[in-house]
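Raw data.txt, compact mmCIF, C-alpha atoms and all ligand atoms:
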```
# COMPACT_ATOMS: atom_id res chain seq x y z
CA MET C 1 6.28 -19.66 53.98
CA MET C 2 2.95 -18.51 52.71
CA ALA C 3 1.44 -15.43 54.29
CA THR C 4 -2.23 -15.23 55.21
CA ARG C 5 -4.28 -13.33 52.67
CA SER C 6 -5.06 -9.67 52.90
CA ALA C 7 -8.65 -8.71 53.60
CA ARG C 8 -9.30 -7.79 49.98
CA SER C 9 -7.44 -10.35 47.94
CA PRO C 10 -9.62 -13.47 47.72
CA VAL C 11 -8.11 -16.94 47.86
CA VAL C 12 -9.48 -19.71 45.66
CA LEU C 13 -8.40 -23.32 46.07
CA SER C 14 -8.62 -25.72 43.16
CA ASP C 15 -9.54 -29.10 44.68
CA GLY C 16 -8.76 -32.16 42.60
CA MET C 17 -10.17 -34.44 45.35
CA GLY C 18 -6.96 -36.50 45.45
CA VAL C 19 -4.04 -36.97 47.84
CA ASP C 20 -2.33 -33.65 47.09
CA SER C 21 -5.48 -31.55 47.47
CA THR C 22 -6.37 -33.31 50.71
CA GLY C 23 -2.86 -32.80 52.09
CA MET C 24 -2.94 -29.16 51.03
CA LEU C 25 -6.23 -28.55 52.86
CA ILE C 26 -4.88 -30.13 56.06
CA GLY C 27 -1.66 -28.09 55.82
CA LEU C 28 -3.60 -24.88 55.29
CA ARG C 29 -5.84 -25.63 58.29
CA ASP C 30 -2.72 -26.22 60.40
CA ARG C 31 -1.39 -22.81 59.33
CA GLY C 32 -4.67 -20.99 60.01
CA ILE C 33 -5.29 -20.28 56.33
CA ILE C 34 -8.87 -20.70 55.16
CA PRO C 35 -9.55 -20.21 51.44
CA ASP C 36 -12.58 -18.13 50.48
CA LEU C 37 -13.68 -20.51 47.77
CA ILE C 38 -12.98 -24.20 47.13
CA LEU C 39 -13.72 -25.38 43.61
CA PHE C 40 -14.01 -28.90 42.27
CA ALA C 41 -14.34 -29.17 38.49
CA ASN C 42 -16.51 -32.17 37.70
CA THR C 43 -15.66 -33.66 34.30
CA VAL C 44 -18.48 -36.17 34.96
CA ASP C 45 -15.84 -38.76 34.07
CA GLU C 46 -14.13 -39.12 37.45
CA LYS C 47 -13.97 -42.60 38.89
CA GLN C 48 -16.79 -43.46 41.29
CA VAL C 49 -14.25 -43.76 44.09
CA THR C 50 -13.54 -40.04 43.66
CA TYR C 51 -17.22 -39.11 43.74
CA ASP C 52 -17.55 -41.21 46.88
CA TYR C 53 -14.92 -38.95 48.49
CA VAL C 54 -17.00 -35.79 47.97
CA PRO C 55 -19.20 -36.24 51.09
CA ILE C 56 -16.07 -37.06 53.12
CA ARG C 57 -14.52 -33.81 51.89
CA GLN C 58 -17.67 -31.79 52.59
CA LYS C 59 -17.82 -33.10 56.15
CA TRP C 60 -14.14 -32.34 56.77
CA LEU C 61 -14.55 -28.82 55.38
CA ALA C 62 -17.56 -28.17 57.61
CA ASP C 63 -15.85 -29.64 60.68
CA ASN C 64 -12.84 -27.37 60.13
CA GLY C 65 -14.68 -24.12 59.42
CA PHE C 66 -13.87 -24.10 55.70
CA PRO C 67 -16.39 -23.09 53.03
CA PRO C 68 -18.18 -26.00 51.37
CA LEU C 69 -17.00 -27.38 48.07
CA THR C 70 -18.39 -25.53 45.07
CA ILE C 71 -18.77 -27.99 42.20
CA VAL C 72 -18.49 -26.54 38.71
CA GLN C 73 -19.06 -28.30 35.42
CA ASN C 74 -18.43 -27.59 31.77
CA MET C 75 -21.87 -26.99 30.24
CA ARG C 76 -22.13 -27.82 26.52
CA PRO C 77 -25.72 -26.95 25.60
CA ARG C 78 -24.93 -26.62 21.89
CA SER C 79 -23.19 -29.93 21.37
CA GLY C 80 -25.16 -31.67 24.10
CA ASP C 81 -22.00 -33.33 25.40
CA GLY C 82 -22.51 -34.09 29.06
CA SER C 83 -18.92 -35.13 29.70
CA LEU C 84 -15.47 -35.28 28.18
CA SER C 85 -16.07 -38.91 27.19
CA ASP C 86 -19.34 -37.89 25.47
CA ALA C 87 -17.41 -35.27 23.50
CA CYS C 88 -14.71 -37.78 22.55
CA LEU C 89 -17.26 -40.36 21.43
CA ARG C 90 -19.19 -37.83 19.37
CA THR C 91 -16.11 -36.53 17.58
CA LYS C 92 -14.41 -39.96 17.44
CA VAL C 93 -11.19 -38.80 19.07
CA LEU C 94 -9.30 -39.61 22.24
CA PRO C 95 -8.83 -37.07 25.07
CA ALA C 96 -6.31 -34.45 23.97
CA LEU C 97 -3.64 -35.74 26.34
CA ALA C 98 -3.40 -38.89 24.24
CA TYR C 99 -2.05 -36.68 21.45
CA GLY C 100 0.30 -34.82 23.82
CA ARG C 101 -1.95 -31.80 24.22
CA HIS C 102 -3.67 -30.40 27.30
CA GLN C 103 -6.94 -29.03 25.98
CA CYS C 104 -8.99 -31.62 27.86
CA SER C 105 -7.97 -30.34 31.28
CA MET C 106 -8.17 -26.75 30.03
CA VAL C 107 -11.72 -27.15 28.70
CA TRP C 108 -13.14 -29.49 31.34
CA LYS C 109 -11.30 -28.36 34.47
CA ILE C 110 -9.65 -24.95 34.25
CA VAL C 111 -12.18 -23.01 32.16
CA PRO C 112 -15.26 -24.02 34.24
CA GLN C 113 -13.45 -22.85 37.38
CA GLU C 114 -12.37 -19.56 35.84
CA LYS C 115 -15.88 -18.98 34.46
CA PHE C 116 -17.33 -19.40 37.92
CA VAL C 117 -14.78 -17.08 39.50
CA LYS C 118 -15.61 -14.40 36.90
CA THR C 119 -19.10 -14.18 38.41
CA TRP C 120 -17.99 -14.51 42.06
CA ALA C 121 -18.44 -11.18 43.83
CA PRO C 122 -15.18 -11.16 45.89
CA ALA C 123 -13.17 -11.72 42.69
CA VAL C 124 -15.09 -9.08 40.77
CA GLU C 125 -14.45 -6.60 43.59
CA ALA C 126 -10.77 -7.51 43.79
CA TRP C 127 -10.26 -7.06 40.05
CA ARG C 128 -12.14 -3.77 40.17
CA ASP C 129 -9.66 -2.65 42.84
CA GLY C 130 -6.68 -3.73 40.73
CA LEU C 131 -5.91 -6.82 42.82
CA THR C 132 -5.45 -10.39 41.71
CA VAL C 133 -7.19 -13.53 42.93
CA THR C 134 -4.81 -15.94 44.62
CA LYS C 135 -5.24 -19.45 43.28
CA LEU C 136 -3.92 -22.31 45.41
CA ILE C 137 -2.84 -25.29 43.33
CA GLY C 138 -1.98 -28.66 44.84
CA TYR C 139 1.18 -29.58 43.00
CA ASP C 140 3.36 -31.46 45.46
CA ALA C 141 7.08 -31.13 46.12
CA GLY C 142 7.99 -34.43 44.47
CA PRO C 143 10.15 -34.34 41.33
CA ARG C 144 7.29 -34.71 38.82
CA ASP C 145 5.04 -32.02 40.27
CA SER C 146 7.98 -29.73 41.01
CA ALA C 147 8.77 -29.83 37.29
CA ARG C 148 5.12 -29.02 36.49
CA CYS C 149 5.26 -26.20 39.01
CA ALA C 150 8.45 -24.82 37.47
CA ALA C 151 6.86 -24.99 34.02
CA ALA C 152 3.78 -23.14 35.31
CA LEU C 153 5.72 -20.29 36.93
CA GLY C 154 5.03 -16.95 35.29
CA LYS C 155 2.06 -18.36 33.38
CA ASP C 156 -0.72 -17.26 35.71
CA SER C 157 -3.99 -16.48 33.97
CA PRO C 158 -4.69 -12.73 33.82
CA GLY C 159 -6.13 -11.56 37.13
CA TYR C 160 -4.66 -14.48 39.08
CA THR C 161 -1.61 -15.10 41.21
CA ASN C 162 -0.90 -18.80 41.44
CA ARG C 163 0.55 -20.29 44.62
CA PHE C 164 1.74 -23.83 45.19
CA PRO C 165 1.54 -24.37 48.97
CA LEU C 166 2.80 -27.96 49.00
CA VAL C 167 5.90 -26.94 47.07
CA GLU C 168 6.41 -23.98 49.42
CA TRP C 169 6.18 -26.31 52.43
CA GLY C 170 8.31 -29.05 50.84
CA TRP C 171 5.43 -31.57 51.11
CA ASP C 172 5.71 -34.43 48.64
CA ARG C 173 2.98 -37.00 48.06
CA GLU C 174 4.21 -39.24 50.89
CA ARG C 175 4.07 -36.32 53.32
CA CYS C 176 0.50 -35.66 52.22
CA VAL C 177 -0.42 -39.31 52.81
CA GLU C 178 1.10 -39.08 56.31
CA ALA C 179 -0.98 -36.00 57.07
CA ILE C 180 -4.16 -37.64 55.75
CA ILE C 181 -3.65 -40.77 57.86
CA ALA C 182 -2.83 -38.66 60.93
CA GLU C 183 -6.06 -36.76 60.32
CA GLY C 184 -8.03 -40.03 60.42
CA LEU C 185 -9.21 -39.65 56.83
CA PRO C 186 -9.21 -42.35 54.17
CA VAL C 187 -6.43 -41.84 51.62
CA PRO C 188 -8.19 -40.81 48.39
CA ALA C 189 -7.61 -42.63 45.11
CA LYS C 190 -5.78 -40.83 42.34
CA SER C 191 -8.28 -38.40 40.91
CA ALA C 192 -8.44 -38.31 37.14
CA CYS C 193 -10.89 -39.14 34.39
CA PHE C 194 -11.43 -42.90 34.22
CA HIS C 195 -10.09 -42.83 30.64
CA CYS C 196 -7.10 -40.56 31.32
CA PRO C 197 -4.23 -41.27 28.91
CA ALA C 198 -1.82 -40.66 31.80
CA SER C 199 -3.14 -43.73 33.66
CA THR C 200 -0.53 -46.32 34.54
CA LYS C 201 -1.06 -49.97 33.64
CA ALA C 202 -1.74 -50.72 37.31
CA GLU C 203 -4.43 -48.03 37.36
CA ILE C 204 -6.00 -49.42 34.19
CA LEU C 205 -6.14 -52.89 35.74
CA TRP C 206 -7.60 -51.39 38.92
CA LEU C 207 -10.34 -49.79 36.84
CA ARG C 208 -11.04 -53.08 35.06
CA ASP C 209 -11.41 -54.90 38.37
CA ASN C 210 -13.23 -52.22 40.36
CA GLU C 211 -15.24 -50.10 37.95
CA PRO C 212 -15.79 -52.42 34.96
CA GLU C 213 -18.47 -50.29 33.28
CA LYS C 214 -16.12 -47.32 33.08
CA TYR C 215 -13.30 -49.56 31.91
CA GLU C 216 -15.52 -50.88 29.08
CA ARG C 217 -16.49 -47.33 28.15
CA ALA C 218 -12.79 -46.42 27.90
CA LEU C 219 -12.18 -49.38 25.57
CA HIS C 220 -15.20 -48.25 23.54
CA MET C 221 -13.67 -44.76 23.27
CA GLU C 222 -10.45 -46.30 21.99
CA ARG C 223 -12.21 -48.43 19.35
CA ASN C 224 -14.43 -45.50 18.37
CA ALA C 225 -11.35 -43.30 17.73
CA ALA C 226 -9.56 -45.95 15.66
CA ASP C 227 -9.57 -43.76 12.54
CA LYS C 228 -8.05 -40.80 14.40
CA LEU C 229 -5.28 -42.43 16.37
CA LEU C 230 -2.70 -40.53 14.30
CA ARG C 231 0.69 -41.46 15.72
CA VAL C 232 -0.59 -43.00 18.93
CA LYS C 233 -1.54 -46.60 19.53
CA GLY C 234 -4.47 -45.98 21.81
CA LEU C 235 -5.48 -44.43 25.11
CA GLY C 236 -2.11 -45.36 26.57
CA ARG C 237 -0.43 -43.34 23.78
CA LYS C 238 2.35 -45.88 23.23
CA PHE C 239 -0.01 -48.78 23.84
CA SER C 240 -3.63 -49.70 23.48
CA TRP C 241 -5.61 -50.30 26.65
CA ALA C 242 -7.17 -53.27 24.83
CA ASP C 243 -3.74 -54.96 24.72
CA ILE C 244 -3.26 -55.00 28.49
S1 LIG T 301 -7.71 -36.25 33.96
FE1 LIG T 301 -6.66 -36.79 32.04
S2 LIG T 301 -8.28 -37.02 30.50
FE2 LIG T 301 -9.18 -35.94 32.26
S3 LIG T 301 -8.99 -33.78 31.74
FE3 LIG T 301 -7.17 -34.32 32.95
S4 LIG T 301 -5.60 -34.90 31.44
FE4 LIG T 301 -7.59 -34.91 30.39
```
In structure tokens, how does this file's structure come out?
Amino acid sequence: MMATRSARSPVVLSDGMGVDSTGMLIGLRDRGIIPDLILFANTVDEKQVTYDYVPIRQKWLADNGFPPLTIVQNMRPRSGDGSLSDACLRTKVLPALAYGRHQCSMVWKIVPQEKFVKTWAPAVEAWRDGLTVTKLIGYDAGPRDSARCAAALGKDSPGYTNRFPLVEWGWDRERCVEAIIAEGLPVPAKSACFHCPASTKAEILWLRDNEPEKYERALHMERNAADKLLRVKGLGRKFSWADI
């Protein structure tokens, strides 16, 4: 079981605005653990349904005595790219995950959060005192996330100690959904870029039917990257979204 933080070691929660993050926040509240900083990395390419959840999150945080969400964003003044999809369209490639790499989440999610924390006084003070910042990550205790958690063990960024509360509590995604419903909150949609190569076919069809402009932009990204598909067939890696 996770211990409450010491007075000098700040706790940062990385909020993906999805089911796991929401469950993690409820579980922390129930255990009397309040993070010092809650970060949401905005790729500007989230689905609208995720952005619509932000005010719900902010209200819940305020009602429960948590700090408000701090929204960080990858600024690209040199290239002028306002989003990951802008960057992909300009360079005529797909998001890195389509090629089996993880730079897209590194550049658009992890780095903006770490950049912010570098300037955040409690972290600066902790590092000056030789402490680490505790980062709470919402991997759940289901088989897929447990594997991701196992792969991440021992790979904390310098100055950080990563913790995976849902794994420590044995909370899988279903348990998080239960907690969210019991809390009286709407169950959030899966949070990911609208063009994420990890999207299932059902999620792609959902996007087509519910957020058609973003769906069309994803198809445009796929056509635009036609010359750089390498060994992949399209945004779905083994299939083209256009073929669904
Ligand atoms: S949600 Fe998907 S496309 Fe977006 S940064 Fe993460 S892996 Fe890349």
So how many Å separate atom CA of C:Gln73 and atom CA of C:His102, to one decimal?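 A separation of 17.5 Å between them.
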Mind listing the residues within 8 Å of ligand LIG 301 (chain T), only C-alpha atoms and all ligand atoms counted, as a list in words?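 The residues within 8 Å of ligand LIG 301 (chain T), counting only C-alpha atoms and all ligand atoms, are Thr43, Asp45, Glu46, Leu84, Pro95, Ala96, Leu97, His102, Gln103, Cys104, Ser105, Met106, Val107, Trp108, Lys109, Ser191, Ala192, Cys193, Phe194, His195, Cys196, Pro197, Ala198 and Ser199 of chain C.
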Let's have the selection written as a CSV table (one decimal), keeping the file's coordinate frame, with C-alpha atoms.
```csv
chain,number,residue,atom,x,y,z
C,43,THR,CA,-15.7,-33.7,34.3
C,45,ASP,CA,-15.8,-38.8,34.1
C,46,GLU,CA,-14.1,-39.1,37.4
C,84,LEU,CA,-15.5,-35.3,28.2
C,95,PRO,CA,-8.8,-37.1,25.1
C,96,ALA,CA,-6.3,-34.4,24.0
C,97,LEU,CA,-3.6,-35.7,26.3
C,102,HIS,CA,-3.7,-30.4,27.3
C,103,GLN,CA,-6.9,-29.0,26.0
C,104,CYS,CA,-9.0,-31.6,27.9
C,105,SER,CA,-8.0,-30.3,31.3
C,106,MET,CA,-8.2,-26.8,30.0
C,107,VAL,CA,-11.7,-27.2,28.7
C,108,TRP,CA,-13.1,-29.5,31.3
C,109,LYS,CA,-11.3,-28.4,34.5
C,191,SER,CA,-8.3,-38.4,40.9
C,192,ALA,CA,-8.4,-38.3,37.1
C,193,CYS,CA,-10.9,-39.1,34.4
C,194,PHE,CA,-11.4,-42.9,34.2
C,195,HIS,CA,-10.1,-42.8,30.6
C,196,CYS,CA,-7.1,-40.6,31.3
C,197,PRO,CA,-4.2,-41.3,28.9
C,198,ALA,CA,-1.8,-40.7,31.8
C,199,SER,CA,-3.1,-43.7,33.7
```
Computed gap from atom CA of C:Leu219 to atom CA of C:Lys92 is 12.6 Å
To one decimal in Å, tell me the separation between atom CA of C:Arg148 and atom CA of C:Val44.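 We find that atom CA of C:Arg148 and atom CA of C:Val44 lie 24.7 Å from each other.
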Please identify all polymer residues lying at most 6 Å from the point (-5.9, -34.0, 42.7) (file coordinates), using all atoms listed in the file, and present the result as a list in words.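 Protein and nucleic acid residues near the point are Gly16, Met17, Gly18, Asp20, Ser21 and Ser191 of chain C.
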Who sits within 9 Å of C:Pro35, all atoms listed in the file, same chain under 4 positions skipped, as a ChimeraX atom specification: /C:5,10-13,28,66-67,136
Quick one: residues within 10 Å of C:Cys88, all atoms listed in the file counted, chain neighbours fewer than 5 positions away excluded, as a VMD selection string? chain C and resid 81 83 93 to 96 104 221 to 222 224 to 225
Please return, as an MDAnalysis selection string, all polymer residues that have at least one atom within 10 Å of the point (1.7, -34.9, 19.5); use only C-alpha atoms and the file's own coordinate frame. chainID C and resid 96:101 230:232 237
Point out the residue among C:Lys201, C:Arg173, C:Arg208, C:Lys59 with the least atom-to-atom distance to C:Gly236, counting all atoms listed in the file.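 The shortest atom-to-atom distance to C:Gly236 comes from C:Lys201.
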Give me, as a list in words, all polymer residues having an atom no more than 10 Å from C:Trp169, counting only C-alpha atoms and skipping those fewer than 3 positions away in the same chain. Met1, Met2, Met24, Gly27, Asp140, Ala141, Phe164, Pro165, Leu166 and Asp172 of chain C
So which one's closest to C:Phe116, C:Lys228, C:Met75, C:Lys47, C:Ala218? Using all atoms listed in the file, please.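 For C:Phe116, the nearest of the candidates is C:Met75.
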Find the residues around C:Gln113 up to 7 Å (only C-alpha atoms counted), leave out those fewer than 4 positions away in its own chain, and share them as a compact mmCIF listing (two decimals) with C-alpha atoms, in the coordinates of the input.
```txt
# COMPACT_ATOMS: atom_id res chain seq x y z
CA LEU C 39 -13.72 -25.38 43.61
CA ALA C 41 -14.34 -29.17 38.49
CA VAL C 72 -18.49 -26.54 38.71
CA LYS C 109 -11.30 -28.36 34.47
CA VAL C 117 -14.78 -17.08 39.50
```
So which residues touch C:Trp127 within 12 Å, counting only C-alpha atoms, skipping near sequence neighbours fewer than 6 positions away, as a list in words?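 Counting only the stated atoms, we get Arg8, Ser9, Pro10, Val117, Lys118, Thr119, Trp120, Ala121, Val133, Thr134, Pro158, Gly159, Tyr160 and Thr161 of chain C.
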Counting all atoms listed in the file, which of C:Leu37, C:Ala87, C:Val124, C:Val19 gets nearest to C:Tyr53?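 Closest residue, counting all atoms listed in the file: C:Val19.
Minimum atom-to-atom distances from C:Glu216, C:Asp209, C:Gly234, C:Val187 to C:Thr50 were compared using only C-alpha atoms, and the lowest value belongs to C:Val187.
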Atom completion result for stretch 162-173 of chain C (N, CA, C and O atoms) as a tab-separated table (two decimals), in the coordinates of the input:
```tsv
chain	number	residue	atom	x	y	z
C	162	ASN	N	-0.90	-17.40	41.04
C	162	ASN	CA	-0.90	-18.80	41.44
C	162	ASN	C	0.08	-19.03	42.58
C	162	ASN	O	1.19	-18.47	42.59
C	163	ARG	N	-0.34	-19.86	43.54
C	163	ARG	CA	0.55	-20.29	44.62
C	163	ARG	C	0.51	-21.81	44.70
C	163	ARG	O	-0.51	-22.43	44.41
C	164	PHE	N	1.61	-22.37	45.12
C	164	PHE	CA	1.74	-23.83	45.19
C	164	PHE	C	2.16	-24.18	46.62
C	164	PHE	O	3.34	-24.42	46.90
C	165	PRO	N	1.18	-24.23	47.55
C	165	PRO	CA	1.54	-24.37	48.97
C	165	PRO	C	2.37	-25.61	49.27
C	165	PRO	O	3.32	-25.54	50.07
C	166	LEU	N	2.05	-26.74	48.67
C	166	LEU	CA	2.80	-27.96	49.00
C	166	LEU	C	4.26	-27.82	48.61
C	166	LEU	O	5.17	-28.28	49.32
C	167	VAL	N	4.51	-27.16	47.51
C	167	VAL	CA	5.90	-26.94	47.07
C	167	VAL	C	6.57	-25.98	48.06
C	167	VAL	O	7.72	-26.19	48.47
C	168	GLU	N	5.84	-24.95	48.47
C	168	GLU	CA	6.41	-23.98	49.42
C	168	GLU	C	6.74	-24.65	50.75
C	168	GLU	O	7.72	-24.29	51.41
C	169	TRP	N	5.94	-25.64	51.15
C	169	TRP	CA	6.18	-26.31	52.43
C	169	TRP	C	7.14	-27.50	52.28
C	169	TRP	O	7.53	-28.10	53.28
C	170	GLY	N	7.46	-27.87	51.05
C	170	GLY	CA	8.31	-29.05	50.84
C	170	GLY	C	7.57	-30.35	51.08
C	170	GLY	O	8.17	-31.38	51.40
C	171	TRP	N	6.24	-30.36	50.89
C	171	TRP	CA	5.43	-31.57	51.11
C	171	TRP	C	5.34	-32.36	49.81
C	171	TRP	O	4.75	-31.88	48.84
C	172	ASP	N	5.90	-33.56	49.81
C	172	ASP	CA	5.71	-34.43	48.64
C	172	ASP	C	4.47	-35.29	48.89
C	172	ASP	O	3.78	-35.16	49.91
C	173	ARG	N	4.20	-36.18	47.96
C	173	ARG	CA	2.98	-37.00	48.06
C	173	ARG	C	2.97	-37.85	49.34
C	173	ARG	O	1.95	-37.98	50.01
```
